[in-house]
Each structure stands twice: as structure tokens, then as C-alpha cells.
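Listing of run-v3.txt, compact mmCIF, C-alpha atoms
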```txt
# COMPACT_ATOMS: atom_id res chain seq x y z
CA MET A 1 0.00 0.00 0.00
CA LYS A 2 1.20 3.51 -0.84
CA VAL A 3 0.20 6.22 1.63
CA GLU A 4 0.50 9.96 1.03
CA ILE A 5 0.20 12.35 3.98
CA ALA A 6 -0.36 16.08 3.45
CA THR A 7 0.61 17.95 6.60
CA LEU A 8 2.08 21.19 7.93
CA PHE A 9 4.35 19.15 10.20
CA PRO A 10 6.08 16.28 8.35
CA ASP A 11 8.57 15.80 11.20
CA PHE A 12 5.68 14.81 13.45
CA PHE A 13 5.61 11.41 11.76
CA SER A 14 9.31 10.58 11.88
CA GLY A 15 9.23 8.70 15.18
CA PRO A 16 5.97 6.73 14.80
CA LEU A 17 6.76 5.66 11.24
CA GLN A 18 10.04 4.15 12.44
CA SER A 19 8.50 2.14 15.24
CA SER A 20 6.65 -1.13 15.71
CA ILE A 21 4.14 -2.33 13.13
CA LEU A 22 4.43 0.66 10.81
CA ARG A 23 8.19 0.23 10.57
CA ARG A 24 7.87 -3.50 10.02
CA ALA A 25 5.31 -3.03 7.25
CA GLN A 26 7.70 -0.68 5.44
CA GLN A 27 10.63 -3.06 5.87
CA GLN A 28 8.52 -5.84 4.38
CA GLN A 29 7.68 -3.53 1.47
CA LEU A 30 4.00 -3.86 2.29
CA LEU A 31 3.76 -0.13 3.03
CA GLN A 32 5.28 3.01 1.55
CA VAL A 33 4.63 6.35 3.24
CA ASN A 34 5.37 9.69 1.58
CA LEU A 35 5.11 12.95 3.52
CA HIS A 36 4.13 16.19 1.76
CA ASN A 37 4.48 19.63 3.33
CA ILE A 38 1.38 21.71 2.64
CA ARG A 39 3.47 24.89 2.96
CA ASP A 40 5.33 23.90 -0.20
CA TYR A 41 2.15 24.78 -2.08
CA THR A 42 1.75 28.32 -0.76
CA HIS A 43 2.56 31.32 -2.96
CA ASP A 44 3.85 34.06 -0.69
CA LYS A 45 7.26 34.64 0.86
CA HIS A 46 5.94 33.84 4.34
CA ARG A 47 4.52 30.48 3.18
CA THR A 48 1.17 31.37 4.73
CA ALA A 49 -1.14 28.39 5.08
CA ASP A 50 -3.78 29.84 7.42
CA ASP A 51 -6.09 32.86 7.61
CA ARG A 52 -8.87 34.33 9.76
CA PRO A 53 -12.35 32.81 9.44
CA PHE A 54 -15.03 34.74 7.58
CA GLY A 55 -17.70 35.95 9.97
CA GLY A 56 -15.24 36.34 12.82
CA GLY A 57 -14.45 34.00 15.65
CA PRO A 58 -11.37 32.73 17.45
CA GLY A 59 -8.39 31.00 15.91
CA MET A 60 -7.20 30.56 12.36
CA LEU A 61 -8.28 28.22 9.56
CA LEU A 62 -6.14 26.23 7.18
CA LYS A 63 -6.59 27.79 3.72
CA PRO A 64 -8.04 25.71 0.87
CA GLU A 65 -5.56 26.63 -1.88
CA PRO A 66 -2.40 24.90 -0.59
CA VAL A 67 -4.35 21.82 0.47
CA PHE A 68 -6.04 21.40 -2.90
CA GLU A 69 -2.81 22.02 -4.78
CA CYS A 70 -0.86 19.60 -2.58
CA VAL A 71 -3.33 16.77 -3.11
CA GLU A 72 -3.82 17.50 -6.80
CA ALA A 73 -0.05 17.41 -7.34
CA LEU A 74 -0.17 13.77 -6.22
CA GLN A 75 -2.43 13.02 -9.20
CA PRO A 76 -4.73 10.61 -7.37
CA GLU A 77 -6.40 8.03 -9.55
CA PRO A 78 -10.22 8.03 -9.63
CA GLY A 79 -11.50 6.22 -6.58
CA THR A 80 -8.43 6.86 -4.42
CA PRO A 81 -9.59 7.69 -0.88
CA VAL A 82 -8.67 11.18 0.27
CA ILE A 83 -9.14 11.06 4.03
CA LEU A 84 -9.65 13.87 6.53
CA ALA A 85 -9.94 13.62 10.31
CA SER A 86 -12.58 15.88 11.83
CA PRO A 87 -14.55 15.84 15.10
CA ARG A 88 -17.59 16.72 12.94
CA ALA A 89 -17.78 13.34 11.23
CA PRO A 90 -18.80 9.71 11.77
CA LEU A 91 -16.67 7.67 14.14
CA PHE A 92 -13.80 5.72 12.57
CA THR A 93 -14.38 2.00 13.23
CA GLN A 94 -12.67 -1.33 12.71
CA ARG A 95 -14.89 -1.85 9.68
CA ASP A 96 -13.51 1.35 8.15
CA ALA A 97 -9.95 0.16 8.78
CA ILE A 98 -10.69 -3.13 7.05
CA GLU A 99 -12.26 -1.39 4.05
CA LEU A 100 -9.37 1.06 3.67
CA SER A 101 -6.80 -1.74 3.90
CA ALA A 102 -8.06 -3.11 0.58
CA TYR A 103 -6.90 -0.02 -1.36
CA ASN A 104 -3.52 0.22 -3.02
CA ARG A 105 -3.21 3.93 -2.27
CA LEU A 106 -4.51 6.29 0.42
CA ILE A 107 -4.14 10.05 0.83
CA PHE A 108 -4.50 11.62 4.27
CA VAL A 109 -5.04 15.36 4.78
CA CYS A 110 -4.08 16.72 8.20
CA GLY A 111 -5.94 19.80 9.33
CA HIS A 112 -4.59 22.16 11.97
CA TYR A 113 -5.28 25.38 13.88
CA GLU A 114 -8.98 25.99 14.60
CA GLY A 115 -9.95 23.86 11.62
CA ILE A 116 -9.83 23.67 7.86
CA ASP A 117 -11.79 25.46 5.16
CA GLU A 118 -15.05 23.59 4.62
CA ARG A 119 -14.47 23.35 0.87
CA VAL A 120 -11.65 20.89 1.49
CA GLN A 121 -14.08 18.49 3.15
CA GLN A 122 -16.88 19.09 0.65
CA HIS A 123 -14.98 19.01 -2.63
CA LEU A 124 -11.62 17.31 -2.08
CA CYS A 125 -11.93 14.63 0.56
CA THR A 126 -13.83 11.42 -0.10
CA HIS A 127 -13.74 10.05 3.46
CA VAL A 128 -14.08 12.05 6.70
CA TYR A 129 -13.81 10.43 10.12
CA SER A 130 -13.71 11.31 13.79
CA ILE A 131 -11.61 9.22 16.16
CA GLY A 132 -13.52 10.31 19.27
CA SER A 133 -15.52 12.97 21.08
CA TYR A 134 -12.64 15.30 21.80
CA VAL A 135 -10.53 17.87 19.95
CA LEU A 136 -6.86 17.47 19.02
CA THR A 137 -4.39 20.22 18.12
CA GLY A 138 -4.12 18.86 14.60
CA GLY A 139 -5.01 15.97 12.35
CA GLU A 140 -1.58 14.33 12.57
CA LEU A 141 -2.36 12.19 15.62
CA ALA A 142 -5.71 11.14 14.20
CA THR A 143 -4.04 10.23 10.90
CA LEU A 144 -1.56 8.02 12.75
CA VAL A 145 -4.39 6.30 14.60
CA MET A 146 -6.27 5.54 11.39
CA LEU A 147 -3.10 4.56 9.55
CA ASP A 148 -2.00 2.13 12.24
CA ALA A 149 -5.45 0.53 12.46
CA THR A 150 -5.60 0.19 8.67
CA VAL A 151 -2.07 -1.08 8.06
CA ARG A 152 -2.36 -3.92 10.56
CA MET A 153 -5.28 -5.23 8.50
CA ILE A 154 -3.02 -5.71 5.46
CA PRO A 155 -2.25 -9.44 5.09
CA GLY A 156 1.29 -10.20 6.19
CA VAL A 157 1.84 -7.09 8.32
CA VAL A 158 0.99 -8.76 11.62
CA GLY A 159 2.93 -11.99 12.03
CA LYS A 160 0.02 -14.22 12.99
CA ALA A 161 -3.33 -13.76 11.29
CA ASP A 162 -5.07 -15.01 14.46
CA SER A 163 -3.73 -11.99 16.32
CA VAL A 164 -5.81 -9.77 14.07
CA SER A 165 -8.90 -11.94 13.81
CA GLN A 166 -9.22 -12.04 17.61
CA ASP A 167 -8.88 -8.28 18.11
CA SER A 168 -11.56 -6.24 19.77
CA PHE A 169 -14.43 -5.26 17.45
CA MET A 170 -13.68 -7.95 14.85
CA ASP A 171 -16.81 -9.87 15.87
CA GLY A 172 -18.72 -6.90 17.23
CA LEU A 173 -17.46 -7.41 20.79
CA LEU A 174 -14.62 -6.13 22.93
CA ASP A 175 -11.74 -8.53 23.51
CA CYS A 176 -11.50 -10.77 26.57
CA PRO A 177 -8.89 -10.44 29.35
CA HIS A 178 -5.48 -12.02 28.68
CA TYR A 179 -2.90 -13.37 31.11
CA THR A 180 0.68 -14.66 30.97
CA ARG A 181 3.25 -16.06 33.41
CA PRO A 182 3.50 -16.12 36.38
CA ALA A 183 0.30 -17.96 37.22
CA GLU A 184 0.07 -15.94 40.44
CA TYR A 185 1.42 -12.46 41.02
CA ARG A 186 1.13 -10.60 44.33
CA GLY A 187 -1.64 -12.93 45.32
CA TRP A 188 -3.62 -12.34 42.13
CA PRO A 189 -4.12 -15.69 40.35
CA VAL A 190 -4.82 -16.38 36.70
CA PRO A 191 -8.35 -17.84 36.26
CA ASP A 192 -8.22 -21.62 36.68
CA VAL A 193 -9.94 -22.26 33.35
CA LEU A 194 -6.93 -20.86 31.47
CA LEU A 195 -4.56 -23.27 33.22
CA GLY A 196 -6.51 -26.48 32.64
CA GLY A 197 -5.73 -26.98 28.95
CA HIS A 198 -9.38 -27.67 28.03
CA HIS A 199 -9.67 -25.62 24.82
CA ALA A 200 -13.45 -25.75 24.53
CA GLU A 201 -13.84 -24.46 28.08
CA ILE A 202 -11.25 -21.76 27.46
CA GLU A 203 -13.09 -20.55 24.37
CA ARG A 204 -16.37 -20.60 26.24
CA TRP A 205 -14.88 -18.53 29.08
CA ARG A 206 -13.32 -16.06 26.66
CA HIS A 207 -16.59 -15.53 24.83
CA GLN A 208 -18.36 -15.01 28.16
CA GLN A 209 -15.83 -12.37 29.16
CA LYS A 210 -16.19 -10.60 25.82
CA LEU A 211 -19.94 -10.46 26.24
CA ARG A 212 -19.66 -9.09 29.76
CA ALA A 213 -17.04 -6.48 28.86
CA THR A 214 -19.03 -5.21 25.89
CA ARG A 215 -22.26 -5.01 27.85
CA GLN A 216 -20.54 -3.12 30.67
CA TRP A 217 -18.20 -0.79 28.80
CA ARG A 218 -19.67 -0.25 25.35
CA PRO A 219 -23.48 -0.14 25.42
CA ASP A 220 -23.40 1.42 21.94
CA LEU A 221 -21.89 -1.80 20.58
CA TRP A 222 -24.00 -4.01 22.81
CA GLN A 223 -27.32 -2.67 21.54
CA ASN A 224 -26.41 -3.82 18.02
CA TYR A 225 -24.98 -7.20 18.94
CA PRO A 226 -27.24 -10.21 18.15
CA VAL A 227 -27.34 -11.89 21.56
CA SER A 228 -28.16 -15.60 21.22
CA PRO A 229 -29.86 -17.81 23.84
CA GLN A 230 -26.44 -19.36 24.51
CA ASP A 231 -25.03 -15.89 25.09
CA GLU A 232 -27.82 -15.10 27.55
CA GLN A 233 -27.04 -18.29 29.44
CA LEU A 234 -23.37 -17.36 29.67
CA LEU A 235 -24.26 -13.92 30.99
CA GLU A 236 -26.46 -15.39 33.71
CA GLU A 237 -23.69 -17.61 35.07
CA GLU A 238 -21.69 -16.45 38.06
```
Please express the file's structure as C-alpha cells.
Amino acid sequence: MKVEIATLFPDFFSGPLQSSILRRAQQQQLLQVNLHNIRDYTHDKHRTADDRPFGGGPGMLLKPEPVFECVEALQPEPGTPVILASPRAPLFTQRDAIELSAYNRLIFVCGHYEGIDERVQQHLCTHVYSIGSYVLTGGELATLVMLDATVRMIPGVVGKADSVSQDSFMDGLLDCPHYTRPAEYRGWPVPDVLLGGHHAEIERWRHQQKLRATRQWRPDLWQNYPVSPQDEQLLEEE
């Protein structure tokens, strides 16, 4: 996958792109990331990329001209996703990450300051997502979140496919608790079922824990999950 990132702060990405899964994906030649400085597409000696909002109000807005020209210079093919992070958008989900991972090329636009001219969202970007009900200083962090979630869905990036298939949200539920050695730490034991070696019982326990965690922590997911009679029985057990 080839990823283009249009940003005012290319250096922001230097550390994360050289760490963990994103670094590994690039080393395996499964991912190529190119950073593009939006200021390179300004036309004044001060390289001005922002201006005051029409109608007044606090802060500054990222101007449309350098953003459009930066993305257009990349000559995206028809159908290439041009992605913007915005708190005024649908929530980015695991399903979105899976869908984006099927593309050969993605373009991310990172807003900054108080926001970005609305025409960028309306006429340039094809996908707009929020990563949560809060505001960030800029779109760089949100882009990294979406990029990481998407790249790990590319076959071969994560060493074991099971590691991805058992992630939270893959089946509509949160993940279950996980434990490793030692079997007891500071008086806190690992659940007996995980030590017995009975795989069917382990899977049953894990599914029960996923149901309970989702019901408790994510009612928004829970209300859309098709609870079966077997699930109801598991939830009733102590």
C-alpha cells in the first residue's frame, strides 16, 4: 500500500513511522509512506497556510488553496480515498480500517489550527472520520491512529493472522482479558480455566468475558450485537 500524507508538520511522523508495526510493514515492502508539506504549495514569501475565518471568531483556519494544490499534485487516480480527520464526522471504526486496507493507495489530509476550510471536506476529501468525542491540536495524531489501524489489517503485516482476527471489534465485541506467566502475582491468580488446557472451556470462558465487557463498557456496541440464547445463558452464570 502507498500512503501519502499532506501535513504542515512532516517531522511529526518521523518517530511513529520508524517504530513497531508501521516500521515492520515498510521493511517488508508492504507499506510506503510519503510525507508532503502543505506549505510547499503556498505562494507568498511567508509560506502562509492559514487565515482568519469569515464571519469572525477565534483561531485561524487552514486555507483551501495549498491543500487542494498539494493533493492535486499527487495526481490521485479516480476512486483513491482522500481522508480527513474531523470531530464533525462519523466515528472511525474497525470496519472502516478493514475497508481502507483493501486499497492500493490512500491520501491523508491533516488539518490544523482551529480547523480547515469547509471546501476541502466538501470538494476534495472522499472520506471524513472522527476518532472520538474530543478535539486534538491537529489531524496528525488522528491520521496516525487511522493509519495504524488500517495497516495492521493488510495481510502479512501482523505476524500471525489469528492476532488480528481475535482483536476487539472484529466480531462486534470487545476482547476478553489475557494473562501470561507467572500464574500468580502478588496474590492475584490467573483464572483456573486458562490453566486447565481444556480448549473448549477456554473458548467458552473467553466468549463469556467478551460479552460481559461489551455489555458493561460499550453499550453502543452491545445494543447492536445479536445476543443468542447461549449468550444469555453465559451472561447469567456467576
Residues at most 12 Å from Val145 (chain A), counting only C-alpha atoms, excluding those fewer than 2 positions away in the same chain, as a VMD selection string? chain A and resid 13 16 to 17 22 85 92 to 94 97 108 129 to 132 139 to 143 147 to 152
12 Å contact set for Leu235 (chain A), only C-alpha atoms, chain neighbours under 4 positions out, as a ChimeraX atom specification: /A:204-216,227-231
Create the file for the chosen residues now, containing C-alpha atoms and written as a compact mmCIF listing (two decimals), keeping the file's coordinate frame.
```txt
# COMPACT_ATOMS: atom_id res chain seq x y z
CA ARG A 204 -16.37 -20.60 26.24
CA TRP A 205 -14.88 -18.53 29.08
CA ARG A 206 -13.32 -16.06 26.66
CA HIS A 207 -16.59 -15.53 24.83
CA GLN A 208 -18.36 -15.01 28.16
CA GLN A 209 -15.83 -12.37 29.16
CA LYS A 210 -16.19 -10.60 25.82
CA LEU A 211 -19.94 -10.46 26.24
CA ARG A 212 -19.66 -9.09 29.76
CA ALA A 213 -17.04 -6.48 28.86
CA THR A 214 -19.03 -5.21 25.89
CA ARG A 215 -22.26 -5.01 27.85
CA GLN A 216 -20.54 -3.12 30.67
CA VAL A 227 -27.34 -11.89 21.56
CA SER A 228 -28.16 -15.60 21.22
CA PRO A 229 -29.86 -17.81 23.84
CA GLN A 230 -26.44 -19.36 24.51
CA ASP A 231 -25.03 -15.89 25.09
```
Could you list, as a ChimeraX atom specification, every residue within 12 Å of Gly115 (chain A), counting all atoms listed in the file and ignoring same-chain residues fewer than 2 positions away? /A:49-53,57-64,84-88,109-113,117-121,135-139
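With only C-alpha atoms taken into account, the protein and nucleic acid residues at most 12 Å from Gln26 (chain A) (excluding it and anything under 2 positions from it in its own chain) are Met1, Lys2, Val3, Leu17, Gln18, Ser19, Ser20, Ile21, Leu22, Arg23, Arg24, Gln28, Gln29, Leu30, Leu31, Gln32, Val33, Asn34, Val151, Arg152, Ile154, Gly156 and Val157 of chain A.
Here the selection is built from all atoms listed in the file, and the residues within 12 Å of (-9.1, -1.3, -2.9) turn out to be Met1, Lys2, Glu77, Pro78, Gly79, Thr80, Pro81, Ala97, Ile98, Glu99, Leu100, Ser101, Ala102, Tyr103, Asn104, Arg105, Leu106 and Ile154 of chain A.
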For Phe9 (chain A), the nearest of the candidates A:Gln27, A:Thr48, A:Gln223, A:Asn37, counting all atoms listed in the file: A:Asn37
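Excluding Ile38 (chain A) itself and same-chain residues fewer than 5 positions from it, the residues having an atom within 6 Å of it are Ala6, Thr7, Leu8 and Pro66 of chain A, counting all atoms listed in the file.
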Could the residues in this selection be written to a file with C-alpha atoms, as a compact mmCIF listing (two decimals), in the coordinates of the input?
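Final output, selection-v3.txt:
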```
# COMPACT_ATOMS: atom_id res chain seq x y z
CA ALA A 6 -0.36 16.08 3.45
CA THR A 7 0.61 17.95 6.60
CA LEU A 8 2.08 21.19 7.93
CA PRO A 66 -2.40 24.90 -0.59
```
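Those DNA, RNA and protein residues that approach the point (-17.0, -2.4, 14.0) to within 9 Å, considering only C-alpha atoms, are Phe92, Thr93, Gln94, Arg95, Asp96, Ser168, Phe169, Met170, Asp171, Gly172, Leu173 and Leu221 of chain A.
One finds CA of Met153 (chain A) at 23.6 Å from CA of Trp222 (chain A).
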